[in-house]
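Pasting my_file-v1.txt here (compact mmCIF, C-alpha atoms):
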# COMPACT_ATOMS: atom_id res chain seq x y z
CA MET A 20 -112.61 6.81 70.34
CA PRO A 21 -113.08 9.34 67.55
CA ALA A 22 -111.00 8.92 64.45
CA ALA A 23 -110.34 11.59 61.93
CA ALA A 24 -110.18 9.98 58.54
CA THR A 25 -111.32 11.35 55.28
CA THR A 26 -111.94 10.09 51.81
CA ALA A 27 -114.14 10.97 48.91
CA ALA A 28 -116.98 8.59 48.16
CA GLY A 29 -115.49 5.35 47.00
CA VAL A 30 -115.71 1.61 47.15
CA TYR A 31 -114.43 -0.11 50.26
CA VAL A 32 -112.90 -3.53 49.57
CA TYR A 33 -112.84 -6.30 52.21
CA GLY A 34 -111.43 -9.07 50.06
CA VAL A 35 -111.95 -11.38 47.12
CA VAL A 36 -113.73 -14.74 46.84
CA ARG A 37 -114.61 -17.03 43.93
CA ALA A 38 -117.81 -15.93 42.23
CA GLU A 39 -120.93 -17.87 43.19
CA GLU A 40 -119.36 -19.43 46.27
CA LEU A 41 -120.74 -16.73 48.53
CA PRO A 42 -124.50 -16.03 48.35
CA ALA A 43 -124.51 -12.78 50.37
CA ILE A 44 -123.09 -11.06 53.42
CA SER A 45 -125.53 -10.10 56.15
CA ALA A 46 -123.09 -8.33 58.49
CA ASP A 47 -122.97 -4.53 58.47
CA GLY A 48 -120.10 -3.03 56.53
CA VAL A 49 -117.86 -0.15 57.59
CA ALA A 50 -119.75 3.05 58.37
CA GLY A 51 -122.95 0.99 58.58
CA THR A 52 -123.08 0.31 54.85
CA SER A 53 -124.42 -2.86 53.26
CA VAL A 54 -121.99 -5.37 51.83
CA GLN A 55 -122.15 -6.37 48.19
CA LEU A 56 -120.45 -8.66 45.74
CA LEU A 57 -118.88 -7.32 42.59
CA GLU A 58 -118.37 -10.17 40.15
CA HIS A 59 -116.07 -10.46 37.19
CA ASP A 60 -114.77 -13.50 35.34
CA GLY A 61 -115.12 -16.06 38.11
CA LEU A 62 -114.05 -13.75 40.92
CA ALA A 63 -116.09 -11.59 43.28
CA ALA A 64 -114.86 -8.62 45.28
CA VAL A 65 -116.57 -8.19 48.65
CA VAL A 66 -117.27 -4.45 48.82
CA SER A 67 -119.29 -1.61 50.31
CA LYS A 68 -120.25 1.57 48.52
CA LEU A 69 -119.23 4.44 50.76
CA PRO A 70 -121.50 7.45 51.07
CA PRO A 71 -120.15 10.65 49.50
CA GLY A 72 -118.48 13.20 51.71
CA GLU A 73 -116.28 12.76 54.69
CA LEU A 74 -115.98 9.33 56.21
CA ARG A 75 -115.29 9.15 59.90
CA VAL A 76 -113.77 5.84 60.78
CA LYS A 77 -114.56 4.59 64.25
CA ARG A 78 -113.25 1.76 66.32
CA ARG A 79 -116.46 -0.12 65.57
CA ASP A 80 -115.50 -0.11 61.89
CA LEU A 81 -112.45 -2.24 62.68
CA HIS A 82 -114.77 -4.85 64.15
CA ARG A 83 -117.15 -4.55 61.19
CA HIS A 84 -114.32 -5.16 58.72
CA LEU A 85 -113.33 -8.26 60.65
CA GLN A 86 -116.93 -9.49 60.92
CA VAL A 87 -117.40 -9.25 57.16
CA LEU A 88 -114.20 -11.25 56.62
CA GLU A 89 -115.29 -13.82 59.20
CA GLU A 90 -118.74 -14.25 57.66
CA ALA A 91 -117.26 -14.76 54.19
CA PHE A 92 -114.59 -17.06 55.63
CA SER A 93 -117.22 -19.23 57.29
CA GLU A 94 -118.72 -19.92 53.84
CA THR A 95 -115.77 -20.04 51.50
CA THR A 96 -112.12 -19.15 50.87
CA ILE A 97 -111.38 -15.42 50.97
CA VAL A 98 -108.29 -13.40 50.10
CA PRO A 99 -108.56 -10.55 52.62
CA CYS A 100 -107.51 -6.94 52.01
CA PRO A 101 -106.09 -4.74 54.80
CA PHE A 102 -108.42 -2.51 56.80
CA GLY A 103 -109.02 0.79 55.02
CA THR A 104 -108.70 -0.34 51.40
CA VAL A 105 -110.78 2.07 49.32
CA LEU A 106 -110.88 2.42 45.54
CA ALA A 107 -112.40 5.30 43.62
CA SER A 108 -115.14 3.37 41.83
CA GLU A 109 -116.59 -0.02 40.99
CA ALA A 110 -114.82 0.17 37.63
CA ASP A 111 -111.52 0.58 39.49
CA VAL A 112 -112.22 -2.48 41.62
CA GLU A 113 -112.83 -4.43 38.45
CA ASP A 114 -109.75 -3.09 36.63
CA ALA A 115 -107.12 -2.78 39.34
CA LEU A 116 -108.17 -5.90 41.18
CA LEU A 117 -110.32 -8.45 39.39
CA VAL A 118 -108.78 -8.02 35.92
CA GLN A 119 -105.16 -7.03 36.54
CA ARG A 120 -104.65 -9.33 39.51
CA HIS A 121 -106.77 -12.20 38.18
CA ALA A 122 -104.07 -14.87 38.01
CA GLU A 123 -102.53 -13.84 41.32
CA LEU A 124 -105.92 -13.94 43.04
CA LEU A 125 -106.71 -17.41 41.70
CA ALA A 126 -103.32 -18.62 42.93
CA ALA A 127 -103.89 -17.04 46.35
CA LEU A 128 -107.34 -18.63 46.61
CA ARG A 129 -105.84 -22.04 45.83
CA ARG A 130 -103.08 -21.49 48.39
CA LEU A 131 -105.58 -20.56 51.09
CA ASP A 132 -108.21 -23.22 50.27
CA GLY A 133 -109.09 -25.29 53.33
CA ARG A 134 -106.64 -23.39 55.50
CA VAL A 135 -107.01 -21.10 58.48
CA GLN A 136 -104.81 -18.68 60.36
CA LEU A 137 -103.98 -19.10 64.03
CA ASN A 138 -102.27 -16.29 65.92
CA VAL A 139 -100.01 -17.65 68.63
CA LYS A 140 -98.29 -15.73 71.37
CA ALA A 141 -95.99 -16.98 74.12
CA VAL A 142 -95.12 -14.58 76.94
CA TYR A 143 -92.50 -15.09 79.63
CA ASP A 144 -93.29 -14.87 83.29
CA GLU A 145 -90.79 -12.11 84.11
CA GLU A 146 -89.76 -13.43 87.49
CA GLU A 147 -89.37 -17.05 86.31
CA LEU A 148 -87.24 -16.00 83.37
CA LEU A 149 -84.95 -13.71 85.38
CA ARG A 150 -84.62 -16.32 88.11
CA GLU A 151 -83.51 -18.91 85.56
CA LEU A 152 -81.00 -16.55 84.02
CA VAL A 153 -79.53 -15.52 87.35
CA SER A 154 -79.27 -19.08 88.57
CA ALA A 155 -77.40 -20.12 85.42
CA ASN A 156 -75.06 -17.14 85.39
CA PRO A 157 -72.60 -16.33 88.21
CA GLU A 158 -71.64 -13.01 86.64
CA LEU A 159 -75.21 -11.81 87.12
CA ARG A 160 -75.06 -12.69 90.79
CA ARG A 161 -71.73 -10.90 91.22
CA LEU A 162 -73.05 -7.74 89.53
CA ARG A 163 -76.28 -7.90 91.49
CA ALA A 164 -74.32 -7.59 94.69
CA ALA A 165 -72.39 -4.57 93.39
CA ALA A 166 -74.01 -1.21 93.99
CA GLY A 167 -72.12 1.07 91.57
CA TYR A 168 -73.81 2.66 88.54
CA HIS A 169 -71.48 0.99 86.08
CA GLU A 170 -72.03 -2.42 87.60
CA GLN A 171 -75.79 -1.87 87.44
CA LEU A 172 -75.53 -0.78 83.83
CA ARG A 173 -73.40 -3.81 83.01
CA LEU A 174 -75.90 -6.02 84.87
CA GLY A 175 -78.79 -4.69 82.82
CA GLU A 176 -76.85 -5.00 79.59
CA LEU A 177 -76.01 -8.58 80.38
CA VAL A 178 -79.63 -9.41 81.29
CA ALA A 179 -80.89 -7.77 78.09
CA ALA A 180 -78.47 -9.86 76.04
CA LEU A 181 -79.38 -13.08 77.85
CA VAL A 182 -83.12 -12.40 77.47
CA SER A 183 -82.66 -11.77 73.76
CA GLU A 184 -80.55 -14.90 73.35
CA ARG A 185 -83.09 -16.95 75.26
CA ARG A 186 -85.96 -15.53 73.21
CA GLU A 187 -84.29 -16.42 69.93
CA ALA A 188 -83.65 -19.96 71.07
CA ASP A 189 -87.18 -20.47 72.42
CA SER A 190 -88.81 -18.83 69.41
CA ALA A 191 -86.88 -21.02 66.97
CA GLU A 192 -87.77 -24.16 68.90
CA LEU A 193 -91.48 -23.31 69.16
CA VAL A 194 -91.74 -22.39 65.48
CA ASN A 195 -89.94 -25.56 64.52
CA GLU A 196 -92.31 -27.70 66.56
CA LEU A 197 -95.45 -25.99 65.26
CA LEU A 198 -94.32 -26.09 61.62
CA ARG A 199 -94.48 -29.85 61.82
CA VAL A 200 -98.25 -29.38 61.66
CA ALA A 201 -98.65 -25.90 60.09
CA ASP A 202 -97.95 -25.11 56.42
CA ASP A 203 -96.46 -21.67 56.91
CA VAL A 204 -95.57 -19.05 59.50
CA VAL A 205 -95.09 -15.29 59.68
CA LEU A 206 -93.24 -13.91 62.68
CA GLU A 207 -93.92 -10.51 64.16
CA PRO A 208 -91.54 -8.31 66.14
CA VAL A 209 -91.91 -8.85 69.84
CA GLY A 210 -91.49 -6.91 73.05
CA GLU A 211 -89.14 -7.62 75.93
CA TYR A 212 -90.84 -10.51 77.62
CA VAL A 213 -92.54 -12.03 74.58
CA ALA A 214 -90.90 -15.22 73.34
CA LEU A 215 -93.01 -15.61 70.24
CA LYS A 216 -95.68 -13.76 68.33
CA ALA A 217 -96.57 -15.47 65.09
CA SER A 218 -99.34 -16.34 62.66
CA PHE A 219 -99.53 -19.92 61.45
CA LEU A 220 -101.33 -21.15 58.33
CA VAL A 221 -102.94 -24.47 59.22
CA PRO A 222 -105.07 -26.85 57.13
CA ARG A 223 -108.50 -27.24 58.74
CA LYS A 224 -108.10 -30.98 58.91
CA ARG A 225 -104.95 -30.55 61.01
CA LEU A 226 -106.49 -28.11 63.52
CA GLU A 227 -106.83 -30.75 66.23
CA ARG A 228 -103.22 -31.80 65.79
CA PHE A 229 -102.01 -28.21 65.91
CA ASP A 230 -103.97 -27.60 69.08
CA ALA A 231 -102.67 -30.79 70.69
CA ARG A 232 -99.08 -29.86 69.88
CA LEU A 233 -99.57 -26.36 71.23
CA GLU A 234 -101.14 -27.74 74.40
CA LYS A 235 -98.17 -30.07 74.84
CA LEU A 236 -95.64 -27.28 74.33
CA ALA A 237 -97.49 -24.98 76.71
CA ARG A 238 -97.67 -27.64 79.39
CA ALA A 239 -93.96 -28.41 79.06
CA GLU A 240 -92.98 -24.74 79.26
CA GLN A 241 -94.98 -23.74 82.30
CA PRO A 242 -94.51 -21.80 84.51
CA LEU A 243 -91.93 -20.02 82.32
CA LEU A 244 -94.23 -19.30 79.37
CA GLN A 245 -97.90 -18.45 79.07
CA PHE A 246 -99.43 -19.24 75.69
CA GLU A 247 -102.35 -17.67 73.87
CA VAL A 248 -103.93 -18.74 70.60
CA ILE A 249 -106.53 -16.76 68.66
CA GLY A 250 -108.43 -18.32 65.80
CA PRO A 251 -109.20 -19.79 63.42
CA VAL A 252 -109.26 -16.37 61.77
CA PRO A 253 -109.32 -15.52 58.05
CA PRO A 254 -105.77 -15.88 56.66
CA THR A 255 -104.99 -12.16 56.41
CA VAL A 256 -101.26 -12.50 56.96
CA PHE A 257 -100.92 -15.02 54.14
CA ALA A 258 -103.01 -13.21 51.53
CA GLY A 259 -100.10 -11.44 49.81
CA GLU A 260 -97.24 -13.01 47.90
CA MET B 11 -113.66 -25.83 64.19
CA ALA B 12 -112.10 -27.78 66.97
CA ILE B 13 -110.16 -25.01 68.60
CA ALA B 14 -113.06 -22.62 68.66
CA THR B 15 -115.38 -24.98 70.47
CA ARG B 16 -112.98 -26.53 72.92
CA GLY B 17 -112.55 -23.43 75.06
CA THR B 18 -109.85 -22.75 77.56
CA SER B 19 -108.92 -25.73 79.66
CA SER B 20 -105.72 -24.46 81.20
CA ASN B 21 -104.24 -21.24 82.46
CA TYR B 22 -101.02 -21.76 80.51
CA LEU B 23 -102.85 -21.89 77.16
CA GLN B 24 -105.62 -19.35 76.56
CA ARG B 25 -107.81 -20.07 73.57
CA ALA B 26 -110.03 -17.52 71.82
CA PRO B 27 -111.98 -18.39 68.67
CA SER B 28 -111.97 -14.79 67.46
CA PRO B 29 -110.04 -11.62 68.32
CA SER B 30 -112.04 -9.38 70.64
CA GLY B 31 -109.70 -6.80 72.14
CA LEU B 32 -108.65 -3.86 69.99
CA ALA B 33 -105.00 -4.93 69.88
CA ASP B 34 -105.92 -8.42 68.70
CA VAL B 35 -108.34 -7.12 66.07
CA LEU B 36 -105.66 -4.76 64.76
CA ASP B 37 -103.21 -7.65 64.68
CA VAL B 38 -105.45 -9.43 62.21
CA ILE B 39 -106.70 -6.67 59.91
CA LEU B 40 -104.33 -3.70 60.03
CA ASP B 41 -101.70 -3.75 57.28
CA LYS B 42 -102.40 -7.44 56.73
CA GLY B 43 -103.80 -8.75 53.47
CA LEU B 44 -103.65 -8.22 49.74
CA VAL B 45 -102.54 -4.68 48.98
CA ILE B 46 -104.06 -3.10 45.87
CA ASP B 47 -101.98 -0.65 43.87
CA ALA B 48 -103.33 2.84 43.27
CA TYR B 49 -105.85 2.70 46.03
CA VAL B 50 -106.95 5.38 48.41
CA ARG B 51 -106.09 4.46 51.92
CA VAL B 52 -108.31 5.44 54.80
CA SER B 53 -106.05 6.44 57.61
CA VAL B 54 -107.03 5.58 61.12
CA ILE B 55 -105.88 8.48 63.17
CA GLY B 56 -106.94 8.88 66.77
CA ILE B 57 -107.44 5.23 67.46
CA GLU B 58 -105.27 4.45 70.39
CA LEU B 59 -103.12 1.60 69.25
CA VAL B 60 -102.13 -0.80 71.93
CA THR B 61 -98.54 -1.43 71.07
CA ILE B 62 -97.10 -2.99 74.19
CA ASP B 63 -96.38 -6.24 72.38
CA ALA B 64 -94.88 -4.47 69.43
CA ARG B 65 -92.39 -2.49 71.43
CA ILE B 66 -88.97 -3.29 70.19
CA VAL B 67 -86.21 -3.97 72.62
CA VAL B 68 -83.85 -1.10 72.07
CA ALA B 69 -80.43 -1.36 73.64
CA SER B 70 -80.36 1.76 75.77
CA VAL B 71 -79.29 2.87 79.18
CA ASP B 72 -82.92 3.04 80.31
CA THR B 73 -83.59 -0.51 79.21
CA TYR B 74 -80.49 -1.77 80.95
CA LEU B 75 -81.30 -0.03 84.20
CA ARG B 76 -84.85 -1.38 84.08
CA PHE B 77 -83.54 -4.92 83.62
CA ALA B 78 -81.02 -4.42 86.43
CA GLU B 79 -83.78 -3.21 88.72
CA ALA B 80 -85.96 -6.21 87.88
CA VAL B 81 -83.12 -8.58 88.67
CA ASN B 82 -82.34 -6.77 91.90
CA ARG B 83 -85.96 -7.16 93.01
CA LEU B 84 -85.75 -10.96 92.83
CA ASP B 85 -85.68 -12.85 96.06
CA LEU B 86 -82.90 -15.25 95.34
CA ALA B 87 -82.63 -17.24 98.54
CA GLN B 88 -82.79 -20.59 96.72
CA THR B 89 -81.12 -19.51 93.53
CA GLU B 90 -78.01 -18.24 95.27
CA ALA B 91 -77.50 -21.36 97.30
CA ALA B 92 -77.56 -23.40 94.09
CA GLY B 93 -75.10 -21.19 92.30
CA ILE B 94 -72.22 -20.89 94.75
CA ASP B 95 -70.01 -23.40 92.98
CA GLU B 96 -70.34 -21.63 89.67
CA LEU B 97 -69.57 -18.33 91.34
CA ARG B 98 -66.27 -19.70 92.61
CA ASP B 99 -65.25 -20.59 89.05
CA GLY B 100 -65.41 -16.96 88.03
CA GLY B 101 -68.06 -17.15 85.31
CA SER B 102 -65.85 -15.84 82.53
CA SER B 103 -67.27 -18.15 79.88
CA ALA B 104 -70.76 -16.84 80.54
CA LYS B 105 -69.52 -13.30 80.12
CA ARG B 106 -67.91 -14.00 76.75
CA LYS B 107 -71.05 -15.70 75.55
CA SER B 108 -73.31 -12.81 76.46
CA GLU B 109 -71.05 -10.20 74.89
CA GLY B 110 -71.54 -11.96 71.58
CA ALA B 111 -75.28 -11.83 72.09
CA VAL B 112 -75.24 -8.08 72.68
CA GLU B 113 -73.56 -7.54 69.34
CA GLY B 114 -76.06 -9.83 67.67
CA ALA B 115 -78.99 -7.95 69.16
CA LYS B 116 -77.63 -4.58 68.11
CA GLU B 117 -77.21 -5.67 64.51
CA LYS B 118 -80.80 -6.77 64.28
CA ILE B 119 -82.43 -3.67 65.68
CA PRO B 120 -82.39 -1.42 62.58
CA GLY B 121 -84.23 -4.05 60.56
CA LEU B 122 -87.01 -4.48 63.05
CA LYS B 123 -89.95 -2.31 62.44
CA SER B 124 -93.41 -3.02 63.62
CA ASP B 125 -96.48 -2.66 61.47
CA LYS B 126 -98.14 -0.86 64.30
CA GLU B 127 -95.37 1.65 64.69
CA ARG B 128 -95.62 2.51 61.02
CA SER B 129 -99.35 2.95 61.07
CA ARG B 130 -99.44 5.36 63.96
Just dump the structure as structure tokens.
Amino acid sequence: MPAAATTAAGVYVYGVVRAEELPAISADGVAGTSVQLLEHDGLAAVVSKLPPGELRVKRRDLHRHLQVLEEAFSETTIVPCPFGTVLASEADVEDALLVQRHAELLAALRRLDGRVQLNVKAVYDEEELLRELVSANPELRRLRAAAGYHEQLRLGELVAALVSERREADSAELVNELLRVADDVVLEPVGEYVALKASFLVPRKRLERFDARLEKLARAEQPLLQFEVIGPVPPTVFAGE
Amino acid sequence: MAIATRGTSSNYLQRAPSPSGLADVLDVILDKGLVIDAYVRVSVIGIELVTIDARIVVASVDTYLRFAEAVNRLDLAQTEAAGIDELRDGGSSAKRKSEGAVEGAKEKIPGLKSDKERSR
């Protein structure tokens, strides 16, 4: 899909690692550029020099950004930057990032050392969920039998409230269970039939335990909930404060 | 990496070592990470964001009617048989409970804003 995006020539930043922990990046950078390391005082920014003129960002560039992060992450700890972070020059990368944010970056690197991010999603089976709600709630059955517009509206309102109540309860329970193994969690807003969408920060040495706990939860919740886990991915969600 | 190599063993837990679909890639890299002040941001316009998961439940007539329709579609042969006793009791406690939940949901809506919605 074409993407209209423009910038003057600049320096694209993928993230920051400790200097000398990462020999080189072989993956292609955004816009097919090569990836370089810009070192300063024990830190190294993972960057690409963008060609001058208009830059057209394509869908492939999203994958390239991720691949660079993943390659670095497979070698060492990285503090990732969001997709599309471009600074005017190498001097700016040094000033605005490696010098001014030096202490914060070192702290972030320590916080992320030996840890990975796992993105977990739990989605309701619509029919199972509604069936459970209706069977537990006589008012829903009464309204279901009524044909009038206002009864239907009231029925839908009641279902929406019950779904939301159920989601909050399930989400809290799942997060609680998984935080017994994970160090941290960031929740994302969810759609109607999604019980939980969250990123967990998990120490590598506890990956097996996290997976076992997730497997246990998923087995206990079927057929009501389908689970999905993506990762380990670089800890993008936990890179900021 | 244990999770990456184990693969999917069950249909109730799908495992993927790395995001592959556009929505999952965006979940990981868009608006996530260390933000640098005074930077130039490349905007990604024209990329069709898959935002189904990020849709926020908005309390509206349309939503309610959609829920009502979904409930009406259910074949409740077994469910109804099980619930007759409760039905006789009137179900007023359930109604009170859910009214509280509606208020709760409404209060939360203004604060919810998805990263994806913002970046569109």
### Query
Which distance in Å separates CA of Leu128 in chain A and CA of Ala107 in chain A, to one decimal?
24.6 Å
### Query
What separation in Å, quoted to one decimal, exists between CA of Ile249 in chain A and CA of Asn138 in chain A?
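These two atoms are separated by 5.1 Å.
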### Interface list for chain A, partner chain B, 6 Å threshold, all atoms listed in the file, as a ChimeraX atom specification
/A:22-24,99-106,154,157-158,171-172,174-176,180,209-211,245-250,255-256,258-259
So that all listed atoms of range 246-252 of chain A fit with 3 Å spare on each side, what axis-aligned box centre and edge lengths in Å, to one decimal, would you give as AutoDock Vina command-line options?
--center_x -104.3 --center_y -18.1 --center_z 68.7 --size_x 15.8 --size_y 9.4 --size_z 19.9
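Picture a line from CA of Leu85 in chain A to CA of Val36 in chain A; it runs 15.3 Å.
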